[in-house]
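Text of entry.cif (mmCIF, C-alpha atoms) as supplied:
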```cif
data_data
loop_
_atom_site.label_atom_id
_atom_site.label_comp_id
_atom_site.auth_asym_id
_atom_site.auth_seq_id
_atom_site.Cartn_x
_atom_site.Cartn_y
_atom_site.Cartn_z
CA MET Z 7 0.00 0.00 0.00
CA ALA Z 8 1.14 3.51 -0.67
CA LEU Z 9 0.54 4.72 2.87
CA TYR Z 10 1.89 2.79 5.81
CA SER Z 11 2.01 2.64 9.60
CA GLN Z 12 3.23 0.35 12.32
CA THR Z 13 1.11 -2.50 13.61
CA TYR Z 14 -0.10 -2.67 17.19
CA GLU Z 15 2.54 -4.11 19.48
CA THR Z 16 0.28 -5.11 22.37
CA PRO Z 17 -1.13 -8.60 21.68
CA TRP Z 18 -4.70 -9.69 22.16
CA SER Z 19 -4.74 -11.47 25.52
CA TYR Z 20 -6.92 -14.24 26.89
CA GLU Z 21 -7.76 -15.26 30.43
CA GLU Z 22 -9.33 -18.49 31.65
CA GLU Z 23 -11.89 -18.73 34.39
CA VAL Z 24 -12.26 -22.25 35.80
CA ARG Z 25 -15.73 -23.32 36.87
CA ALA Z 26 -17.15 -26.63 38.11
CA ALA Z 27 -19.89 -26.58 35.51
CA PRO Z 28 -19.80 -25.84 32.69
CA PRO Z 29 -16.20 -26.68 31.68
CA PRO Z 30 -13.59 -23.87 31.55
CA VAL Z 31 -14.39 -21.12 29.04
CA ALA Z 32 -11.79 -18.84 27.45
CA GLN Z 33 -12.85 -15.21 27.91
CA ALA Z 34 -11.24 -12.33 26.04
CA THR Z 35 -10.14 -9.28 28.01
CA ARG Z 36 -9.56 -6.21 25.84
CA ALA Z 37 -7.23 -3.49 26.99
CA ARG Z 38 -8.29 0.01 26.01
CA GLY Z 39 -6.91 1.13 22.66
CA VAL Z 40 -5.85 -2.38 21.62
CA THR Z 41 -7.41 -4.05 18.60
CA PRO Z 42 -7.62 -7.86 18.43
CA LEU Z 43 -5.44 -9.30 15.68
CA GLU Z 44 -8.10 -11.45 14.03
CA TRP Z 45 -6.36 -12.18 10.74
CA PRO Z 46 -3.20 -14.10 9.76
CA VAL Z 47 -1.46 -10.86 8.75
CA THR Z 48 -2.42 -7.41 9.98
CA VAL Z 49 -1.33 -4.10 8.47
CA SER Z 50 -2.31 -0.97 10.36
CA ARG Z 51 -2.40 2.64 9.28
CA HIS Z 52 -2.42 5.44 11.86
CA VAL Z 53 -4.46 7.70 9.60
CA PHE Z 54 -4.95 10.57 12.06
CA ASP Z 55 -2.60 10.82 15.04
CA ASN Z 56 -4.45 13.10 17.48
CA VAL Z 57 -5.19 15.57 14.69
CA LYS Z 58 -6.97 18.67 15.96
CA LEU Z 59 -9.58 20.41 13.81
CA LYS Z 60 -10.42 23.95 14.85
CA ALA Z 61 -13.43 25.88 13.58
CA GLU Z 62 -13.33 29.63 14.00
CA TRP Z 63 -16.42 31.58 15.03
CA TRP Z 64 -17.48 32.14 11.40
CA GLU Z 65 -17.11 28.47 10.38
CA ILE Z 66 -19.73 25.70 10.70
CA TRP Z 67 -17.85 22.74 9.19
CA LYS Z 68 -14.22 21.68 9.42
CA SER Z 69 -12.84 18.54 7.75
CA LYS Z 70 -9.68 16.75 6.61
CA SER Z 71 -9.11 13.65 4.47
CA GLU Z 72 -6.42 11.00 3.98
CA LEU Z 73 -6.23 8.44 1.19
CA ILE Z 74 -4.83 4.89 1.33
CA VAL Z 75 -4.21 3.42 -2.12
CA ASP Z 76 -2.74 0.30 -3.78
CA ILE Z 77 -4.43 -2.13 -1.40
CA ASP Z 78 -4.00 -5.77 -2.43
CA THR Z 79 -7.65 -6.83 -2.49
CA THR Z 80 -6.78 -10.36 -3.66
CA LEU Z 81 -5.37 -11.08 -0.18
CA LEU Z 82 -7.63 -8.78 1.86
CA VAL Z 83 -9.95 -10.68 4.22
CA GLY Z 84 -11.22 -7.96 6.53
CA GLY Z 85 -10.74 -4.56 8.08
CA LYS Z 86 -11.81 -2.25 10.86
CA LEU Z 87 -11.52 1.33 12.02
CA ASP Z 88 -10.65 2.26 15.61
CA TYR Z 89 -11.25 5.83 16.71
CA THR Z 90 -11.09 8.20 19.64
CA VAL Z 91 -12.62 11.67 19.44
CA GLN Z 92 -12.40 14.39 22.07
CA TYR Z 93 -13.97 17.84 22.31
CA THR Z 94 -10.86 19.56 23.62
CA GLN Z 95 -11.88 23.19 23.93
CA GLY Z 96 -14.24 25.84 22.66
CA SER Z 97 -17.86 26.86 23.19
CA PRO Z 98 -19.99 25.44 26.03
CA PHE Z 99 -22.38 23.84 23.54
CA ARG Z 100 -22.23 20.24 22.30
CA GLU Z 101 -20.40 19.56 19.05
CA THR Z 102 -20.86 16.66 16.61
CA ALA Z 103 -17.90 14.70 15.24
CA TYR Z 104 -18.12 12.56 12.09
CA ILE Z 105 -15.86 9.97 10.47
CA ALA Z 106 -16.59 8.98 6.86
CA VAL Z 107 -15.20 6.14 4.76
CA ASP Z 108 -15.26 6.90 1.03
CA ASP Z 109 -17.60 9.83 1.77
CA VAL Z 110 -20.10 7.63 3.63
CA VAL Z 111 -20.51 8.69 7.27
CA LEU Z 112 -20.04 5.66 9.55
CA VAL Z 113 -19.36 7.41 12.86
CA THR Z 114 -21.43 10.18 14.45
CA GLU Z 115 -20.56 11.26 18.00
CA SER Z 116 -22.17 14.08 19.97
CA LEU Z 117 -19.63 15.52 22.42
CA ALA Z 118 -19.87 17.79 25.42
CA LYS Z 119 -16.92 20.04 26.14
CA GLY Z 120 -14.06 17.92 27.47
CA GLU Z 121 -15.83 14.63 26.64
CA THR Z 122 -14.00 11.72 24.95
CA LYS Z 123 -15.59 8.84 23.05
CA SER Z 124 -14.03 5.76 21.44
CA GLY Z 125 -15.24 2.91 19.30
CA SER Z 126 -14.57 0.41 16.52
CA ILE Z 127 -16.29 0.03 13.14
CA ASP Z 128 -16.14 -3.11 11.00
CA LEU Z 129 -14.91 -2.29 7.48
CA THR Z 130 -15.09 -5.81 6.10
CA GLY Z 131 -16.45 -5.59 2.56
CA LEU Z 132 -16.07 -1.80 2.46
CA ILE Z 133 -12.38 -1.58 1.48
CA GLY Z 134 -11.45 -1.64 -2.18
CA LYS Z 135 -8.16 -0.92 -3.90
CA SER Z 136 -8.26 2.44 -2.16
CA VAL Z 137 -10.06 3.91 0.82
CA LYS Z 138 -10.51 7.54 1.83
CA ILE Z 139 -10.96 8.45 5.49
CA THR Z 140 -12.47 11.84 6.30
CA ILE Z 141 -12.79 13.44 9.72
CA LYS Z 142 -15.23 16.30 10.17
CA PHE Z 143 -17.05 18.14 12.90
CA GLU Z 144 -20.00 20.49 12.97
CA SER Z 145 -19.78 23.62 15.07
CA MET Z 146 -22.10 26.53 15.84
CA ILE Z 147 -21.78 29.84 14.08
CA GLY Z 148 -20.55 32.53 16.43
CA PHE Z 149 -18.39 30.19 18.56
CA TRP Z 150 -14.98 28.62 17.99
CA SER Z 151 -14.37 24.95 18.81
CA GLU Z 152 -11.60 22.33 18.63
CA VAL Z 153 -12.03 18.56 18.30
CA SER Z 154 -9.22 15.97 18.37
CA PHE Z 155 -9.32 12.79 16.24
CA ASP Z 156 -7.21 9.65 16.66
CA VAL Z 157 -8.03 7.14 13.91
CA TRP Z 158 -6.50 3.76 12.98
CA VAL Z 159 -7.42 1.65 9.95
CA ILE Z 160 -6.51 -2.01 10.44
CA MET Z 161 -6.54 -4.35 7.44
CA GLY Z 162 -6.34 -8.13 7.62
CA PHE Z 163 -4.73 -10.26 4.91
CA SER Z 164 -4.59 -14.00 4.32
CA GLU Z 165 -0.83 -13.67 3.83
CA GLU Z 166 1.79 -10.96 3.75
CA PRO Z 167 0.91 -8.59 0.85
CA SER Z 168 3.74 -7.96 -1.57
CA ASN Z 169 3.55 -4.23 -0.89
CA GLY Z 170 2.69 -4.50 2.78
CA GLU Z 171 5.96 -3.04 4.04
CA PRO Z 172 7.16 0.54 3.69
CA PRO Z 173 9.54 1.04 0.77
CA THR Z 174 13.19 1.37 1.64
CA ASP Z 175 13.96 4.05 -0.95
CA GLU Z 176 11.89 6.84 0.60
CA TRP Z 177 13.21 10.35 0.18
CA PRO Z 178 14.88 12.02 3.19
CA ILE Z 179 12.09 14.62 3.23
CA ALA Z 180 8.64 13.85 1.83
CA LYS Z 181 5.88 16.44 1.77
CA THR Z 182 2.33 15.31 0.91
CA GLU Z 183 -0.48 17.72 0.09
CA LEU Z 184 -4.18 17.15 -0.60
CA VAL Z 185 -4.57 19.13 -3.83
CA PHE Z 186 -8.16 18.15 -4.71
CA ASP Z 187 -10.51 17.01 -1.94
CA ASN Z 188 -13.63 15.22 -3.19
CA GLU Z 189 -14.04 17.65 -6.10
CA ARG Z 190 -16.98 17.32 -8.49
CA ILE Z 191 -16.22 17.23 -12.19
CA SER Z 192 -18.64 16.90 -15.14
CA PRO Z 193 -18.52 18.19 -18.72
CA GLY Z 194 -22.32 18.48 -18.67
CA LEU Z 195 -23.50 19.29 -22.19
CA ALA Z 196 -19.91 19.82 -23.38
CA HIS Z 197 -17.33 17.23 -24.46
CA GLU Z 198 -14.52 18.09 -22.02
CA VAL Z 199 -13.90 19.91 -18.75
CA SER Z 200 -10.77 20.38 -16.67
CA LYS Z 201 -9.48 21.70 -13.37
CA LYS Z 202 -5.90 22.67 -12.58
CA ARG Z 203 -3.60 23.73 -9.77
CA GLU Z 204 -0.12 25.24 -9.89
CA LYS Z 205 2.88 24.89 -7.58
CA ARG Z 206 6.40 26.31 -7.49
CA VAL Z 207 9.16 23.86 -6.54
CA ASP Z 208 12.84 24.26 -5.55
CA THR Z 209 14.41 22.16 -8.32
CA SER Z 210 17.82 22.19 -6.60
CA LEU Z 211 16.42 20.10 -3.73
CA VAL Z 212 13.60 18.00 -5.23
CA LEU Z 213 14.32 14.29 -5.87
CA GLY Z 214 11.05 13.05 -7.34
CA GLY Z 215 7.37 12.73 -6.63
CA LYS Z 216 4.18 10.74 -6.93
CA ILE Z 217 0.46 11.33 -7.43
CA GLU Z 218 -2.19 9.31 -5.59
CA TYR Z 219 -5.68 9.54 -7.02
CA SER Z 220 -9.15 8.22 -6.33
CA VAL Z 221 -12.10 8.83 -8.67
CA LYS Z 222 -15.72 7.77 -8.16
CA LEU Z 223 -18.40 7.52 -10.83
CA GLU Z 224 -21.28 9.32 -9.12
CA SER Z 225 -24.03 9.33 -11.75
CA SER Z 226 -24.80 9.46 -15.48
CA ILE Z 227 -27.58 9.15 -18.01
CA LEU Z 228 -25.37 6.89 -20.13
CA THR Z 229 -22.11 5.78 -18.53
CA GLY Z 230 -18.98 6.23 -20.57
CA CYS Z 231 -16.22 8.72 -19.70
CA ASN Z 232 -12.46 9.14 -19.47
CA PHE Z 233 -10.63 10.71 -16.52
CA TYR Z 234 -7.11 12.07 -17.05
CA VAL Z 235 -4.30 12.97 -14.63
CA MET Z 236 -1.91 15.39 -16.33
CA TRP Z 237 1.39 16.86 -15.17
CA ASN Z 238 2.70 19.87 -17.08
CA ASN Z 239 0.31 19.08 -19.95
CA GLU Z 240 1.53 15.46 -20.22
CA ILE Z 241 -0.94 12.64 -19.57
CA LEU Z 242 0.39 10.43 -16.77
CA GLU Z 243 -2.74 8.35 -16.17
CA LYS Z 244 -6.00 7.62 -17.98
CA VAL Z 245 -8.97 6.09 -16.14
CA GLU Z 246 -11.93 4.74 -18.11
CA PHE Z 247 -15.49 4.11 -16.94
CA TRP Z 248 -17.35 1.73 -19.21
CA LEU Z 249 -21.04 1.41 -20.09
CA TRP Z 250 -21.57 -1.65 -17.86
CA GLU Z 251 -19.94 -0.23 -14.74
CA PRO Z 252 -22.43 0.76 -12.00
CA HIS Z 253 -22.71 4.13 -10.33
CA GLY Z 254 -20.53 4.23 -7.23
CA THR Z 255 -17.58 2.50 -8.91
CA ILE Z 256 -14.28 3.76 -7.47
CA LYS Z 257 -10.93 3.53 -9.22
CA ALA Z 258 -7.63 4.54 -7.63
CA GLY Z 259 -3.92 4.31 -8.16
CA THR Z 260 -0.47 5.85 -7.83
CA VAL Z 261 1.57 7.54 -10.55
CA ASP Z 262 5.27 8.35 -10.22
CA ILE Z 263 6.56 11.78 -11.22
CA PRO Z 264 10.09 11.41 -12.63
CA LEU Z 265 12.62 14.03 -11.56
CA SER Z 266 13.11 15.00 -15.21
CA LYS Z 267 9.46 16.13 -15.41
CA ILE Z 268 9.54 18.41 -12.34
CA ARG Z 269 10.04 22.08 -13.18
CA SER Z 270 10.32 25.23 -11.13
CA THR Z 271 6.61 25.88 -11.85
CA ASN Z 272 4.38 22.82 -12.25
CA VAL Z 273 0.75 22.46 -13.32
CA LEU Z 274 -1.41 19.54 -12.18
CA LYS Z 275 -4.41 19.26 -14.47
CA ILE Z 276 -7.40 16.94 -14.13
CA ALA Z 277 -9.57 16.49 -17.22
CA MET Z 278 -12.71 14.51 -18.02
CA THR Z 279 -14.31 13.73 -21.37
CA HIS Z 280 -17.58 12.06 -22.41
CA VAL Z 281 -20.21 12.09 -25.13
CA PRO Z 282 -21.94 15.50 -24.80
CA GLY Z 283 -25.26 15.29 -23.01
CA THR Z 284 -24.66 11.94 -21.27
CA LEU Z 285 -24.13 13.87 -18.01
CA ASN Z 286 -21.41 11.72 -16.47
CA ILE Z 287 -20.52 13.09 -13.02
CA CYS Z 288 -17.44 12.06 -11.03
CA PHE Z 289 -15.93 13.01 -7.68
CA PHE Z 290 -12.18 12.78 -7.22
CA SER Z 291 -9.39 13.35 -4.69
CA ILE Z 292 -5.71 13.90 -5.49
CA PHE Z 293 -2.70 13.73 -3.17
CA VAL Z 294 0.72 14.87 -4.42
CA THR Z 295 3.94 13.88 -2.63
CA LEU Z 296 7.25 15.56 -3.45
CA GLY Z 297 10.56 14.24 -2.11
CA TYR Z 298 13.45 16.50 -1.17
CA SER Z 299 17.07 16.01 -0.14
CA ILE Z 300 16.60 18.48 2.74
CA GLU Z 301 13.72 20.57 4.08
CA PRO Z 302 13.03 23.29 1.47
CA PRO Z 303 13.33 26.78 2.99
CA VAL Z 304 10.22 27.88 1.06
CA ASP Z 305 7.34 25.58 0.17
CA PRO Z 306 4.51 27.52 -1.51
CA PRO Z 307 1.04 25.92 -1.45
CA TRP Z 308 -0.84 24.74 -4.52
CA GLU Z 309 -2.65 27.66 -6.12
CA GLY Z 310 -5.92 27.58 -8.02
CA ASP Z 311 -6.75 29.25 -11.30
CA TRP Z 312 -8.72 32.48 -10.87
CA TRP Z 313 -10.59 32.01 -14.17
CA GLU Z 314 -11.69 28.52 -13.11
CA TRP Z 315 -12.95 29.93 -9.80
CA LEU Z 316 -14.80 32.69 -11.67
CA MET Z 317 -16.53 30.17 -13.97
CA GLU Z 318 -17.49 27.88 -11.09
CA ASN Z 319 -19.02 30.76 -9.16
CA ALA Z 320 -20.47 32.69 -12.11
CA TRP Z 321 -24.06 31.85 -11.11
CA TRP Z 322 -23.65 33.14 -7.56
CA ILE Z 323 -21.76 36.22 -8.73
CA SER Z 324 -24.53 37.02 -11.24
CA LEU Z 325 -27.18 36.45 -8.57
CA GLY Z 326 -25.35 38.81 -6.22
CA ILE Z 327 -25.09 41.51 -8.87
CA VAL Z 328 -28.79 41.24 -9.74
CA GLY Z 329 -29.76 41.23 -6.06
CA THR Z 330 -27.63 44.27 -5.33
CA GLY Z 331 -29.18 46.07 -8.31
CA LEU Z 332 -32.73 45.32 -7.13
CA ILE Z 333 -31.93 46.53 -3.63
CA LEU Z 334 -30.52 49.79 -4.96
CA MET Z 335 -33.48 50.21 -7.33
CA TYR Z 336 -36.18 49.75 -4.71
CA MET Z 337 -34.36 51.17 -1.71
CA PRO Z 338 -36.57 53.77 0.04
CA ARG Z 339 -35.30 57.28 -0.59
CA PRO Z 340 -36.12 60.44 1.37
CA GLY Z 341 -38.71 62.65 -0.32
CA PRO Z 342 -38.23 66.34 -1.19
CA PRO Z 343 -38.13 68.74 1.76
CA VAL Z 344 -41.47 70.35 2.82
CA ILE Z 345 -41.39 74.13 2.27
CA ILE Z 346 -44.03 76.32 3.86
CA VAL Z 347 -44.59 79.62 2.04
CA GLN Z 348 -46.18 82.44 4.08
CA PRO Z 349 -48.18 85.00 2.04
CA SER Z 350 -46.64 88.42 1.96
CA GLY Z 351 -48.15 90.98 4.38
CA SER Z 352 -49.54 88.40 6.80
CA LYS Z 353 -48.21 87.96 10.20
CA GLY Z 354 -48.13 84.90 12.24
CA GLY Z 355 -49.92 84.92 15.54
#
```
Write the structure described by the file as structure tokens, please.
Amino acid sequence: MALYSQTYETPWSYEEEVRAAPPPVAQATRARGVTPLEWPVTVSRHVFDNVKLKAEWWEIWKSKSELIVDIDTTLLVGGKLDYTVQYTQGSPFRETAYIAVDDVVLVTESLAKGETKSGSIDLTGLIGKSVKITIKFESMIGFWSEVSFDVWVIMGFSEEPSNGEPPTDEWPIAKTELVFDNERISPGLAHEVSKKREKRVDTSLVLGGKIEYSVKLESSILTGCNFYVMWNNEILEKVEFWLWEPHGTIKAGTVDIPLSKIRSTNVLKIAMTHVPGTLNICFFSIFVTLGYSIEPPVDPPWEGDWWEWLMENAWWISLGIVGTGLILMYMPRPGPPVIIVQPSGSKGG
């Protein structure tokens, strides 16, 4: 798998209680935070290590996602998710924490301030070649809050997967960024649509990179579309959804970025094509990892395209302009001043 973590070191223990009748029964005693190793081979991923999400007073939702890809499903026999959530600090009101697997919410916990809750969710049958874990919490407008998440994904295999151990040729410094987080893409009535992000890189320090992607076919009138991952206008990966594939199909993978293809300014472009009018809609997430020889002194974030943002928000911008115009048109205005004219020669009294 492309993302790795250590396995639990504390074994699953058993105790025996001897009784006259019935015969002795083996009873399992679970220590807190320890997951039973139920499968021949267990690979664990510490997806979120006490990650704190903080919502400011103007924010209602706060979320973060991680993607595990290249899972050997031919050997996979089961899986589970262990979690601990804590409402660490913030407003005096209750907050709600969520954990989603491939955008399906499986955990919902209502937390009082200072409260901690833990649990385990069976993922058997829910893990494909990739799995995306998202943590999220809902806050109240006008108050700031902070919730801590500790999440493990444990996968069981019938035997040691060929890629079940971390690679030995990792770069000295690896920096992973979530460039696209569950983005919607659809050409609609057109043939093609694309989204892109740009990043500046210190080419004197970079050693290589990789792209991890996950794309889900959400809906269509007639299924049939191509999804492209492009780096500096070169196609690195093409994903095809065929007519017979059902809605909800997820495809994922990892693409290496050779050092020779990394420039000082790089453009990651995602494109989708289909037959116009078939209304294929996909959701996708993209992680990009760049390896460096040492920590780069400057590491600019991925930047979006302003024209793309303008097109995506054109409807709301137009609505705002029309609304502002109507308000100005029908805004009450003060009438002309009242002038009292006194006839000449008359006196008040």
Residues in the PyMOL selection byres ((chain Z and resi 47-51) around 6), expressed as a PyMOL selection string: chain Z and resi 10-11+13+45-46+52-53+158-163+165-166
All residues 9 Å or closer to Glu251 in chain Z, only C-alpha atoms, same chain fewer than 2 positions away omitted, as a PDB file with C-alpha atoms, keeping the file's coordinate frame:
```pdb
ATOM      1  CA  LEU Z 223     -18.400   7.520 -10.830  1.00  0.00           C
ATOM      2  CA  THR Z 229     -22.110   5.780 -18.530  1.00  0.00           C
ATOM      3  CA  GLY Z 230     -18.980   6.230 -20.570  1.00  0.00           C
ATOM      4  CA  PHE Z 247     -15.490   4.110 -16.940  1.00  0.00           C
ATOM      5  CA  TRP Z 248     -17.350   1.730 -19.210  1.00  0.00           C
ATOM      6  CA  LEU Z 249     -21.040   1.410 -20.090  1.00  0.00           C
ATOM      7  CA  HIS Z 253     -22.710   4.130 -10.330  1.00  0.00           C
ATOM      8  CA  GLY Z 254     -20.530   4.230  -7.230  1.00  0.00           C
ATOM      9  CA  THR Z 255     -17.580   2.500  -8.910  1.00  0.00           C
TER      10      THR Z 255
END
```
Considering all atoms listed in the file, can you say which of Z:Arg100, Z:Lys58, Z:Lys181, Z:Arg190 comes closest to Glu301 in chain Z? Z:Lys181
Given the PyMOL selection byres ((chain Z and resi 179) around 8) and the file above, list the residues it selects as a list in words. Trp177, Pro178, Ala180, Lys181, Gly297, Tyr298, Ser299, Ile300 and Glu301 of chain Z
For the provided coordinates, the residues matched by the PyMOL selection byres ((chain Z and resi 198-206) around 6) should be stated as number ranges by chain. Z: 193, 196-197, 207, 270-279, 308-310
Measuring atom to atom with only C-alpha atoms, identify which of Z:Val212, Z:Val221, Z:Ile256, Z:Leu195 is nearest to His280 in chain Z. Z:Leu195
So how many Å separate CA of Thr122 in chain Z and CA of Glu101 in chain Z, to one decimal? 11.7 Å
Among the residues Z:Glu144, Z:Glu115, Z:Asp109, Z:Asp55, the one that comes closest to Leu132 in chain Z [using all atoms listed in the file]: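 For Leu132 in chain Z, the nearest of the given residues is Z:Asp109.
Distances from Z:Tyr93, Z:Ile191, Z:Asp262, Z:Lys86 to Lys123 in chain Z were compared using only C-alpha atoms, and the smallest one belongs to Z:Tyr93.
Take CA of Ala118 in chain Z and CA of Pro98 in chain Z: the distance between them is 7.7 Å.
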The residues within 9 Å of (-5.2, 15.0, 18.5), using only C-alpha atoms and the coordinates of the file, should be reported as a PyMOL selection string; which are they? chain Z and resi 54-59+91-92+94+153-156
Between CA of Leu129 in chain Z and CA of Val107 in chain Z, what is the distance in Å, rounded to a tenth?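 These two atoms are separated by 8.9 Å.
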Across Z:Gly259, Z:Val294, Z:Lys135, Z:Pro252, the smallest distance to Trp237 in chain Z, with all atoms listed in the file counted, is shown by Z:Val294
From (10.4, 10.3, -16.2), in the file's coordinates, out to 12 Å: which residues are reached, counting all atoms listed in the file? Answer as a PyMOL selection string. chain Z and resi 213-216+237+240+242+261-268
Restricting the calculation to only C-alpha atoms, which member of Z:Pro343, Z:Gly134, Z:Gly329, Z:Pro306 is positioned closest to Val83 in chain Z?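 Ranked by minimum distance to Val83 in chain Z, first place goes to Z:Gly134.
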Leaving out Ile287 in chain Z and any residue of its chain fewer than 2 positions from it, which residues lie within 6 Å of it when counting all atoms listed in the file, given as a PyMOL selection string? chain Z and resi 192+224-225
